[in-house]
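Visitor: Below you'll find data21.cif; it's mmCIF, C-alpha atoms.
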```cif
data_final
loop_
_atom_site.label_atom_id
_atom_site.label_comp_id
_atom_site.auth_asym_id
_atom_site.auth_seq_id
_atom_site.Cartn_x
_atom_site.Cartn_y
_atom_site.Cartn_z
CA MET A 1 -61.64 -66.85 198.45
CA GLU A 2 -60.75 -70.44 197.63
CA LYS A 3 -58.53 -70.62 194.54
CA LEU A 4 -59.25 -73.06 191.76
CA GLU A 5 -56.44 -74.95 190.11
CA LYS A 6 -55.24 -72.84 187.18
CA PRO A 7 -55.74 -74.35 183.71
CA ARG A 8 -52.65 -74.88 181.59
CA ILE A 9 -53.59 -71.93 179.36
CA LEU A 10 -52.78 -69.57 182.23
CA THR A 11 -49.02 -69.79 182.08
CA PRO A 12 -47.21 -66.52 182.85
CA GLN A 13 -46.21 -66.20 179.20
CA ARG A 14 -49.75 -66.71 177.90
CA LEU A 15 -51.15 -64.26 180.45
CA ARG A 16 -48.58 -61.67 179.40
CA MET A 17 -49.55 -62.18 175.77
CA LEU A 18 -53.24 -61.88 176.66
CA HIS A 19 -52.71 -58.63 178.54
CA GLN A 20 -50.66 -57.16 175.70
CA SER A 21 -53.28 -58.23 173.15
CA LEU A 22 -56.09 -56.74 175.23
CA ALA A 23 -54.20 -53.47 175.65
CA ARG A 24 -53.65 -53.17 171.89
CA TRP A 25 -57.27 -54.02 171.14
CA TYR A 26 -58.60 -51.52 173.67
CA ALA A 27 -56.37 -48.77 172.32
CA ALA A 28 -57.76 -49.38 168.83
CA HIS A 29 -61.37 -50.39 169.47
CA GLY A 30 -62.35 -49.57 173.07
CA ARG A 31 -65.30 -47.31 173.81
CA LYS A 32 -63.03 -44.70 175.36
CA ASP A 33 -65.42 -41.84 174.57
CA LEU A 34 -67.96 -42.94 177.19
CA PRO A 35 -68.11 -40.08 179.72
CA TRP A 36 -67.74 -42.25 182.81
CA ARG A 37 -64.44 -43.49 181.39
CA ASN A 38 -63.09 -39.97 181.18
CA THR A 39 -63.47 -38.89 184.77
CA ASP A 40 -61.90 -39.72 188.11
CA ASP A 41 -65.05 -38.60 189.97
CA ALA A 42 -65.96 -41.69 192.00
CA TYR A 43 -69.57 -40.51 192.32
CA ALA A 44 -70.03 -40.16 188.54
CA ILE A 45 -68.51 -43.60 188.03
CA TYR A 46 -70.69 -45.07 190.77
CA LEU A 47 -73.78 -43.50 189.21
CA SER A 48 -72.94 -44.96 185.79
CA GLU A 49 -72.47 -48.43 187.28
CA VAL A 50 -75.86 -48.29 188.99
CA MET A 51 -77.63 -46.96 185.90
CA LEU A 52 -76.04 -49.58 183.66
CA GLN A 53 -77.44 -52.42 185.76
CA GLN A 54 -80.27 -53.89 183.65
CA THR A 55 -80.10 -50.92 181.23
CA GLN A 56 -78.31 -50.50 177.90
CA VAL A 57 -75.47 -47.99 177.48
CA LYS A 58 -77.36 -46.14 174.73
CA THR A 59 -80.41 -45.53 176.95
CA VAL A 60 -78.33 -44.36 179.92
CA LEU A 61 -76.17 -42.08 177.80
CA GLU A 62 -78.93 -40.46 175.77
CA ARG A 63 -81.60 -39.91 178.42
CA PHE A 64 -80.44 -40.25 182.02
CA TYR A 65 -76.76 -39.89 182.91
CA PHE A 66 -76.18 -36.19 182.20
CA PRO A 67 -79.65 -34.97 183.35
CA PHE A 68 -79.22 -36.80 186.66
CA LEU A 69 -75.73 -35.35 187.19
CA THR A 70 -77.01 -31.89 186.33
CA LYS A 71 -79.75 -32.16 188.96
CA PHE A 72 -77.52 -33.88 191.55
CA PRO A 73 -73.92 -32.91 190.64
CA THR A 74 -72.37 -34.31 193.81
CA LEU A 75 -73.05 -37.11 196.24
CA LYS A 76 -73.72 -34.49 198.93
CA LYS A 77 -76.39 -32.84 196.76
CA LEU A 78 -77.96 -36.24 196.18
CA ALA A 79 -77.93 -37.03 199.90
CA ALA A 80 -79.66 -33.73 200.70
CA ALA A 81 -82.43 -34.18 198.13
CA PRO A 82 -85.92 -35.54 198.97
CA GLN A 83 -86.49 -39.10 197.80
CA ASP A 84 -89.39 -38.00 195.56
CA ASP A 85 -87.01 -35.74 193.61
CA VAL A 86 -84.54 -38.59 193.14
CA LEU A 87 -87.26 -40.95 191.93
CA ARG A 88 -88.60 -38.28 189.61
CA ALA A 89 -85.14 -37.91 188.02
CA TRP A 90 -84.97 -41.70 187.69
CA GLN A 91 -88.42 -41.95 186.13
CA GLY A 92 -88.37 -44.09 182.98
CA LEU A 93 -85.14 -45.89 183.85
CA GLY A 94 -86.90 -48.68 185.75
CA TYR A 95 -85.75 -50.90 188.62
CA TYR A 96 -86.41 -48.05 191.03
CA SER A 97 -84.85 -49.79 194.01
CA ARG A 98 -81.55 -48.76 192.41
CA ALA A 99 -82.44 -45.08 192.86
CA ILE A 100 -83.67 -45.60 196.42
CA ASN A 101 -80.48 -47.44 197.38
CA LEU A 102 -78.33 -44.83 195.61
CA HIS A 103 -80.02 -42.17 197.72
CA LYS A 104 -79.64 -44.21 200.92
CA ALA A 105 -75.95 -44.86 200.19
CA ALA A 106 -75.32 -41.16 199.61
CA LYS A 107 -76.79 -40.42 203.03
CA ALA A 108 -74.97 -43.31 204.70
CA CYS A 109 -71.51 -42.30 203.48
CA LYS A 110 -72.21 -38.60 204.15
CA GLY A 111 -71.44 -37.56 200.61
CA LYS A 112 -68.04 -39.22 200.26
CA LEU A 113 -67.55 -42.71 198.83
CA PRO A 114 -65.08 -44.99 200.63
CA LYS A 115 -62.14 -46.44 198.71
CA THR A 116 -62.15 -50.11 199.63
CA VAL A 117 -64.35 -52.98 198.45
CA GLY A 118 -65.23 -53.94 202.01
CA GLU A 119 -66.42 -50.45 202.95
CA LEU A 120 -68.33 -50.03 199.68
CA VAL A 121 -70.30 -53.30 199.95
CA ALA A 122 -71.44 -52.19 203.40
CA LEU A 123 -73.44 -49.37 201.75
CA PRO A 124 -77.08 -49.93 200.66
CA GLY A 125 -77.43 -51.41 197.17
CA ILE A 126 -73.71 -51.83 196.47
CA GLY A 127 -72.85 -55.43 195.70
CA ARG A 128 -69.52 -57.04 194.96
CA ASN A 129 -69.38 -56.11 191.28
CA THR A 130 -70.36 -52.46 191.81
CA ALA A 131 -67.79 -52.15 194.59
CA HIS A 132 -65.11 -53.69 192.38
CA ALA A 133 -66.06 -51.42 189.48
CA ILE A 134 -65.80 -48.28 191.62
CA CYS A 135 -62.40 -49.38 192.95
CA ALA A 136 -61.07 -50.40 189.53
CA PHE A 137 -62.31 -47.37 187.60
CA ALA A 138 -62.21 -44.56 190.15
CA TYR A 139 -59.22 -45.67 192.22
CA HIS A 140 -57.41 -47.97 189.70
CA ALA A 141 -57.31 -50.76 192.27
CA PRO A 142 -56.20 -54.22 191.00
CA VAL A 143 -59.60 -55.91 191.19
CA PRO A 144 -61.72 -57.58 188.46
CA VAL A 145 -65.27 -56.62 187.56
CA MET A 146 -68.07 -59.02 186.76
CA GLU A 147 -70.98 -57.77 184.66
CA ALA A 148 -73.22 -59.83 182.35
CA ASN A 149 -71.19 -59.52 179.13
CA LEU A 150 -67.95 -60.23 180.94
CA LYS A 151 -69.43 -63.39 182.43
CA ARG A 152 -70.02 -64.65 178.90
CA VAL A 153 -66.43 -63.88 177.91
CA LEU A 154 -65.08 -65.80 180.90
CA ALA A 155 -67.49 -68.69 180.30
CA ARG A 156 -66.14 -69.08 176.77
CA ILE A 157 -62.48 -68.64 177.65
CA PHE A 158 -62.81 -71.38 180.28
CA ALA A 159 -65.49 -73.44 178.43
CA MET A 160 -68.01 -73.14 181.27
CA GLU A 161 -71.46 -74.42 180.33
CA GLN A 162 -72.91 -73.41 183.70
CA LEU A 163 -72.27 -69.99 185.24
CA ASN A 164 -70.96 -70.65 188.72
CA GLU A 165 -70.30 -67.37 190.54
CA LYS A 166 -67.49 -68.76 192.69
CA GLU A 167 -65.67 -70.16 189.66
CA LEU A 168 -66.24 -67.01 187.61
CA TRP A 169 -64.71 -64.78 190.28
CA ALA A 170 -61.78 -67.17 190.72
CA HIS A 171 -61.08 -67.16 186.97
CA ALA A 172 -61.48 -63.38 186.84
CA GLU A 173 -58.86 -63.00 189.59
CA ASP A 174 -56.53 -65.40 187.78
CA ILE A 175 -56.40 -63.53 184.46
CA LEU A 176 -56.63 -59.96 185.79
CA ASP A 177 -53.99 -57.51 184.58
CA ARG A 178 -53.04 -56.12 187.97
CA LYS A 179 -50.71 -53.51 186.50
CA ASN A 180 -53.43 -51.95 184.36
CA PRO A 181 -56.82 -52.87 185.86
CA PHE A 182 -58.68 -49.89 184.37
CA ASP A 183 -58.00 -50.61 180.68
CA TYR A 184 -58.10 -54.37 181.22
CA ASN A 185 -61.58 -54.40 182.77
CA GLN A 186 -62.94 -51.91 180.24
CA ALA A 187 -61.51 -54.00 177.41
CA MET A 188 -63.07 -57.21 178.74
CA MET A 189 -66.48 -55.55 179.00
CA ASP A 190 -66.19 -54.04 175.52
CA ILE A 191 -65.22 -57.39 174.03
CA GLY A 192 -68.31 -58.93 175.59
CA ALA A 193 -70.51 -56.13 174.23
CA THR A 194 -69.08 -55.91 170.69
CA VAL A 195 -67.07 -59.05 169.83
CA CYS A 196 -67.92 -61.99 172.11
CA THR A 197 -71.64 -61.46 171.59
CA LYS A 198 -74.34 -63.91 172.60
CA ARG A 199 -75.05 -64.85 168.99
CA SER A 200 -72.60 -64.90 166.07
CA PRO A 201 -69.48 -63.95 168.07
CA LYS A 202 -66.54 -62.60 166.02
CA CYS A 203 -63.92 -64.99 167.37
CA SER A 204 -61.31 -64.11 164.75
CA GLN A 205 -61.36 -60.50 165.97
CA CYS A 206 -61.08 -61.35 169.66
CA PRO A 207 -57.79 -60.59 171.45
CA ALA A 208 -58.46 -63.55 173.75
CA GLU A 209 -58.81 -66.06 170.89
CA LYS A 210 -55.49 -67.79 171.49
CA ILE A 211 -56.36 -68.79 175.04
CA CYS A 212 -60.10 -69.38 174.53
CA ALA A 213 -61.05 -72.99 175.28
CA GLY A 214 -64.57 -72.50 173.91
CA LYS A 215 -63.79 -70.84 170.58
CA GLU A 216 -64.68 -73.89 168.47
CA THR A 217 -68.29 -73.89 169.71
CA PRO A 218 -68.68 -70.49 171.43
CA GLU A 219 -72.49 -70.43 171.47
CA LYS A 220 -72.39 -73.53 173.66
CA TYR A 221 -70.96 -71.44 176.49
CA PRO A 222 -72.77 -70.69 178.65
CA ALA A 223 -75.70 -73.04 178.04
CA SER A 224 -78.98 -71.27 177.26
CA ARG A 225 -81.54 -71.11 180.02
CA ALA A 226 -85.02 -72.47 179.47
CA LYS A 227 -87.53 -69.70 178.90
CA LYS A 228 -89.95 -69.12 181.76
CA THR A 229 -93.67 -69.04 181.11
CA GLU A 230 -94.93 -65.47 181.06
CA LYS A 231 -97.04 -64.60 184.09
CA ILE A 232 -100.03 -62.33 183.49
CA ARG A 233 -101.46 -60.24 186.34
CA LYS A 234 -104.90 -58.82 185.62
CA LYS A 235 -106.01 -55.81 187.67
CA ARG A 236 -108.51 -53.00 187.77
CA ILE A 237 -107.05 -49.56 188.46
CA PHE A 238 -109.27 -46.87 189.97
CA ILE A 239 -108.39 -43.18 189.60
CA LEU A 240 -110.27 -41.22 192.23
CA ILE A 241 -111.18 -37.61 191.47
CA ASN A 242 -112.80 -35.30 194.03
CA ASP A 243 -114.94 -32.16 193.74
CA LYS A 244 -111.78 -30.02 193.52
CA LYS A 245 -110.61 -32.03 190.47
CA GLN A 246 -107.78 -33.45 192.57
CA ILE A 247 -106.49 -36.98 191.95
CA TYR A 248 -105.71 -39.50 194.67
CA ALA A 249 -102.25 -41.11 194.44
CA THR A 250 -100.06 -42.56 197.20
CA PRO A 251 -96.43 -43.76 197.36
CA ARG A 252 -95.96 -47.52 197.26
CA LYS A 253 -94.61 -49.13 200.42
CA THR A 254 -93.74 -52.41 198.71
CA ARG A 255 -90.24 -53.39 197.64
CA PHE A 256 -91.35 -53.56 194.01
CA LEU A 257 -91.59 -49.99 192.68
CA GLY A 258 -91.27 -48.81 196.27
CA GLY A 259 -91.52 -45.04 196.72
CA LEU A 260 -93.24 -44.44 193.37
CA TYR A 261 -96.78 -43.11 193.42
CA HIS A 262 -99.72 -45.21 192.26
CA PHE A 263 -103.49 -45.26 192.01
CA ILE A 264 -105.83 -47.71 193.71
CA GLU A 265 -105.23 -51.23 192.44
CA MET A 266 -107.88 -53.91 192.79
CA PRO A 267 -108.48 -57.50 191.60
CA ASP A 268 -109.84 -57.86 188.08
CA ASP A 269 -113.31 -58.77 189.39
CA ALA A 270 -113.69 -55.66 191.56
CA PRO A 271 -117.08 -53.91 191.13
CA THR A 272 -117.12 -50.91 188.81
CA LYS A 273 -120.54 -49.44 189.50
CA GLY A 274 -120.35 -45.64 189.47
CA ALA A 275 -117.01 -45.65 187.61
CA LYS A 276 -116.16 -44.60 184.07
CA LYS A 277 -113.86 -46.91 182.12
CA LEU A 278 -111.02 -44.95 180.47
CA GLY A 279 -109.27 -47.81 178.71
CA ASP A 280 -106.71 -50.56 179.20
CA VAL A 281 -102.97 -50.57 179.86
CA ARG A 282 -100.36 -53.28 179.48
CA GLN A 283 -96.89 -53.14 180.99
CA VAL A 284 -94.18 -55.80 180.69
CA TYR A 285 -91.89 -56.26 183.69
CA SER A 286 -88.98 -58.65 184.07
CA HIS A 287 -91.00 -61.27 185.98
CA PHE A 288 -94.62 -60.63 184.93
CA THR A 289 -96.88 -58.65 182.61
CA LEU A 290 -99.54 -56.32 183.97
CA GLU A 291 -102.85 -56.11 182.10
CA ALA A 292 -105.19 -53.60 183.69
CA GLU A 293 -108.53 -51.93 183.08
CA VAL A 294 -108.51 -48.27 184.11
CA TYR A 295 -111.53 -46.56 185.70
CA LEU A 296 -112.23 -43.02 186.85
CA CYS A 297 -114.63 -42.41 189.72
CA HIS A 298 -115.64 -40.00 192.44
CA PRO A 299 -114.99 -41.53 195.89
CA GLU A 300 -118.58 -40.91 196.99
CA LEU A 301 -120.03 -42.59 193.90
CA ALA A 302 -117.98 -45.79 193.97
CA GLU A 303 -119.76 -48.94 195.05
CA GLY A 304 -119.58 -49.50 198.80
CA SER A 305 -117.85 -52.85 198.49
CA LEU A 306 -114.66 -51.06 197.44
CA ARG A 307 -113.55 -50.86 201.06
CA CYS A 308 -110.10 -49.49 200.24
CA LEU A 309 -111.73 -46.24 199.10
CA ASP A 310 -112.72 -45.43 202.66
CA SER A 311 -109.20 -44.43 203.62
CA ALA A 312 -108.90 -42.27 200.52
CA ARG A 313 -111.98 -40.29 201.49
CA HIS A 314 -110.37 -39.24 204.76
CA ASP A 315 -106.76 -38.91 203.54
CA LYS A 316 -106.02 -35.18 203.24
CA LYS A 317 -102.37 -35.61 202.24
CA ASN A 318 -102.45 -37.59 199.01
CA TRP A 319 -104.90 -35.63 196.85
CA HIS A 320 -103.00 -33.80 194.10
CA GLY A 321 -103.91 -31.01 191.71
CA GLY A 322 -102.72 -30.91 188.10
CA ASN A 323 -99.23 -29.44 188.59
CA ALA A 324 -98.58 -31.35 191.81
CA LEU A 325 -99.70 -34.60 190.17
CA ALA A 326 -97.42 -34.05 187.19
CA ALA A 327 -94.44 -33.55 189.52
CA LEU A 328 -94.85 -36.91 191.28
CA PRO A 329 -92.60 -39.87 190.41
CA PHE A 330 -94.61 -42.55 188.59
CA SER A 331 -93.70 -45.87 187.02
CA ALA A 332 -94.16 -46.50 183.29
CA ALA A 333 -97.53 -48.20 183.91
CA GLU A 334 -98.82 -45.25 185.93
CA GLN A 335 -97.66 -42.87 183.22
CA LYS A 336 -99.79 -44.81 180.72
CA ILE A 337 -102.70 -44.54 183.12
CA LEU A 338 -102.14 -40.79 183.42
CA ALA A 339 -102.12 -40.53 179.63
CA LEU A 340 -105.58 -42.13 179.54
CA LEU A 341 -106.80 -39.72 182.21
CA ASN A 342 -105.39 -36.65 180.48
CA SER A 343 -106.89 -37.74 177.16
CA TYR A 344 -110.32 -38.16 178.74
CA LEU A 345 -110.19 -34.83 180.60
CA SER A 346 -109.02 -33.10 177.44
CA SER A 347 -112.00 -34.49 175.52
CA LEU A 348 -114.35 -33.19 178.22
CA ARG A 349 -112.85 -29.72 177.99
CA LYS A 350 -113.30 -29.72 174.21
CA GLN A 351 -116.93 -30.77 174.60
CA GLY A 352 -117.52 -27.97 177.09
CA SER A 353 -115.89 -25.26 174.96
#
```
With the file now loaded, output its structure as structure tokens.

Guide:
Amino acid sequence: MEKLEKPRILTPQRLRMLHQSLARWYAAHGRKDLPWRNTDDAYAIYLSEVMLQQTQVKTVLERFYFPFLTKFPTLKKLAAAPQDDVLRAWQGLGYYSRAINLHKAAKACKGKLPKTVGELVALPGIGRNTAHAICAFAYHAPVPVMEANLKRVLARIFAMEQLNEKELWAHAEDILDRKNPFDYNQAMMDIGATVCTKRSPKCSQCPAEKICAGKETPEKYPASRAKKTEKIRKKRIFILINDKKQIYATPRKTRFLGGLYHFIEMPDDAPTKGAKKLGDVRQVYSHFTLEAEVYLCHPELAEGSLRCLDSARHDKKNWHGGNALAALPFSAAEQKILALLNSYLSSLRKQGS
């Protein structure tokens, strides 16, 4: 990696002072009670890093980390599990490609994580930061990490209005405490999460204040991105139910939500003759918002122009009874659709009683 010229603030004396200040701050204020900081199990640390991508610590800790480890206590157990079981355990956490890649990586490394950055990034779904985090936290290797909060800390220390990945990694290498990479990296992340916050940062409490070039106008670094216009995707969702009261659902083969089961999705002008409208669902994703009308119909009663129903009529594999349907991995949108279905079926049972 090409080295940038070191700013004057990075004299050996100032770096030593920074490392000492960070160590004292972490000892007093660090989130040392987080479970993935109190283990040397590389798999548990790897799992936490993957779960914490795009997801808050509170959500991971309260709902997903321990249940997932209970179901798949080792990387070998994870590798041996069916993908549907892995996705089911991940259900509700979102960004399901993370779970698929976690499963693929477990199989690829045969249940034992390698110990070098180069070998780790060769595994499915493990990028540079995740590889560095595993090495720094599981193996105490002298490498920096680079998650979202830490990028903001570096941007302010070096007064970077634009986040340039090459420059960020170069600066991270320059100020790394190579003698104590575990506490140093954890401290930098905690500072970003609790002190050097996006809005109203507490600069006077920051152990990096003395070397911070952006402390006079911290909210200037990095510059805010222009908000993108929200994209709305309107669809009609058809739940097929046969004479045996089985529901048709198939696993997605697309990259987005790949592996999760879904119902038949059609354009918002698809014909609805012979179908019963159950309601509407709305689901916000990172790059668009889904707004869908939900219909229930028997495959033989649906209007003939719904050509995609033909394959469902002859598909013997993907019709699911109540218990089997409930065990399938679904996205949040599909779970809302299921809630509409269950509410409707429940009302029918009450009417018939």

Visitor: Could you check how far CA of Asp280 in chain A sits from CA of Ile100 in chain A, in Å to one decimal?

Guide: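 Those two atoms sit 29.2 Å apart.
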
Visitor: Against range 259-277 of chain A, which residues of range 93-204 of chain A fall within 10 Å? For each one I want the closest pair of atoms and the distance in Å (one decimal), counting all atoms listed in the file, rows by chain and increasing residue number, as a Markdown table.

Guide:
```
| residue | atom | partner | partner_atom | distance |
| --- | --- | --- | --- | --- |
| A:Tyr96 | CA | A:Leu260 | CA | 8.1 |
| A:Ser97 | CA | A:Gly259 | CA | 8.6 |
| A:Ala99 | CA | A:Gly259 | CA | 9.9 |
| A:Ile100 | CA | A:Gly259 | CA | 7.9 |
```

Visitor: Would you save the residues of that selection, restricted to C-alpha atoms, as a CSV table (one decimal), in the frame of the given file?

Guide:
```
chain,number,residue,atom,x,y,z
A,96,TYR,CA,-86.4,-48.0,191.0
A,97,SER,CA,-84.8,-49.8,194.0
A,99,ALA,CA,-82.4,-45.1,192.9
A,100,ILE,CA,-83.7,-45.6,196.4
```

Visitor: Name the closest residue to Lys228 in chain A among the candidates A:Arg349, A:Arg178, A:His287, A:Arg255; distances are taken between atoms, counting all atoms listed in the file.

Guide: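 Under the stated criterion, the closest residue is A:His287.
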
Visitor: Can you check which parts of range 71-148 of chain A lie within 10 Å of range 185-204 of chain A? Per residue, the shortest pair of atoms and distance in Å to one decimal, counting only C-alpha atoms, sorted by chain and number, as CSV.

Guide:
```
residue,atom,partner,partner_atom,distance
A:Ala133,CA,A:Asn185,CA,8.6
A:Ala136,CA,A:Asn185,CA,7.9
A:Phe137,CA,A:Asn185,CA,8.6
A:Pro142,CA,A:Asn185,CA,9.8
A:Val143,CA,A:Asn185,CA,8.8
A:Pro144,CA,A:Asn185,CA,6.5
A:Val145,CA,A:Asn185,CA,6.4
A:Met146,CA,A:Met189,CA,8.6
A:Glu147,CA,A:Met189,CA,7.6
A:Ala148,CA,A:Gly192,CA,8.4
```

Visitor: Leu18 in chain A: which residues within 10 Å, counting all atoms listed in the file, same-chain residues fewer than 3 positions away excluded, as a list in words?

Guide: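 The neighbour list is Leu10, Pro12, Gln13, Arg14, Leu15, Ser21, Leu22, Ala23, Arg24, Ile175, Leu176, Asp177, Pro207, Ala208, Glu209, Lys210 and Ile211 of chain A.
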
Visitor: Could you please take those selected residues and save C-alpha atoms as a PDB file, keeping the file's coordinate frame?

Guide:
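As a result, selection_12.pdb now contains:
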```
ATOM      1  CA  LEU A  10     -52.780 -69.570 182.230  1.00  0.00           C
ATOM      2  CA  PRO A  12     -47.210 -66.520 182.850  1.00  0.00           C
ATOM      3  CA  GLN A  13     -46.210 -66.200 179.200  1.00  0.00           C
ATOM      4  CA  ARG A  14     -49.750 -66.710 177.900  1.00  0.00           C
ATOM      5  CA  LEU A  15     -51.150 -64.260 180.450  1.00  0.00           C
ATOM      6  CA  SER A  21     -53.280 -58.230 173.150  1.00  0.00           C
ATOM      7  CA  LEU A  22     -56.090 -56.740 175.230  1.00  0.00           C
ATOM      8  CA  ALA A  23     -54.200 -53.470 175.650  1.00  0.00           C
ATOM      9  CA  ARG A  24     -53.650 -53.170 171.890  1.00  0.00           C
ATOM     10  CA  ILE A 175     -56.400 -63.530 184.460  1.00  0.00           C
ATOM     11  CA  LEU A 176     -56.630 -59.960 185.790  1.00  0.00           C
ATOM     12  CA  ASP A 177     -53.990 -57.510 184.580  1.00  0.00           C
ATOM     13  CA  PRO A 207     -57.790 -60.590 171.450  1.00  0.00           C
ATOM     14  CA  ALA A 208     -58.460 -63.550 173.750  1.00  0.00           C
ATOM     15  CA  GLU A 209     -58.810 -66.060 170.890  1.00  0.00           C
ATOM     16  CA  LYS A 210     -55.490 -67.790 171.490  1.00  0.00           C
ATOM     17  CA  ILE A 211     -56.360 -68.790 175.040  1.00  0.00           C
TER      18      ILE A 211
END
```

Visitor: Residues picked by the PyMOL selection byres ((chain A and resi 116) around 10) here, as a compact mmCIF listing (two decimals) with C-alpha atoms, in the coordinates of the input?

Guide:
```
# COMPACT_ATOMS: atom_id res chain seq x y z
CA LEU A 113 -67.55 -42.71 198.83
CA PRO A 114 -65.08 -44.99 200.63
CA LYS A 115 -62.14 -46.44 198.71
CA VAL A 117 -64.35 -52.98 198.45
CA GLY A 118 -65.23 -53.94 202.01
CA GLU A 119 -66.42 -50.45 202.95
CA LEU A 120 -68.33 -50.03 199.68
CA VAL A 121 -70.30 -53.30 199.95
CA ALA A 131 -67.79 -52.15 194.59
CA HIS A 132 -65.11 -53.69 192.38
CA ILE A 134 -65.80 -48.28 191.62
CA CYS A 135 -62.40 -49.38 192.95
CA TYR A 139 -59.22 -45.67 192.22
CA ALA A 141 -57.31 -50.76 192.27
```

Visitor: CA of Glu167 in chain A and CA of Pro222 in chain A, how far apart in Å?

Guide: 13.1 Å

Visitor: Please enumerate the residues selected by the PyMOL selection byres ((chain A and resi 52-69) around 9) when evaluated against the supplied file, formatted as JSON, numbers by chain.

Guide: {"A": [34, 35, 44, 47, 48, 49, 50, 51, 70, 71, 72, 73, 74, 86, 89, 90, 92, 93, 94, 95, 98, 147]}

Visitor: Using all atoms listed in the file, which of the listed residues (A:Ile241, A:Leu290, A:Ala138, A:Ala79) sits closest to Pro181 in chain A?

Guide: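 Nearest to Pro181 in chain A: A:Ala138.
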
Visitor: Quick one: which residues end up in the PyMOL selection byres ((chain A and resi 244) around 12) for this structure, as a PyMOL selection string?

Guide: chain A and resi 240-243+245-248+298+319-322
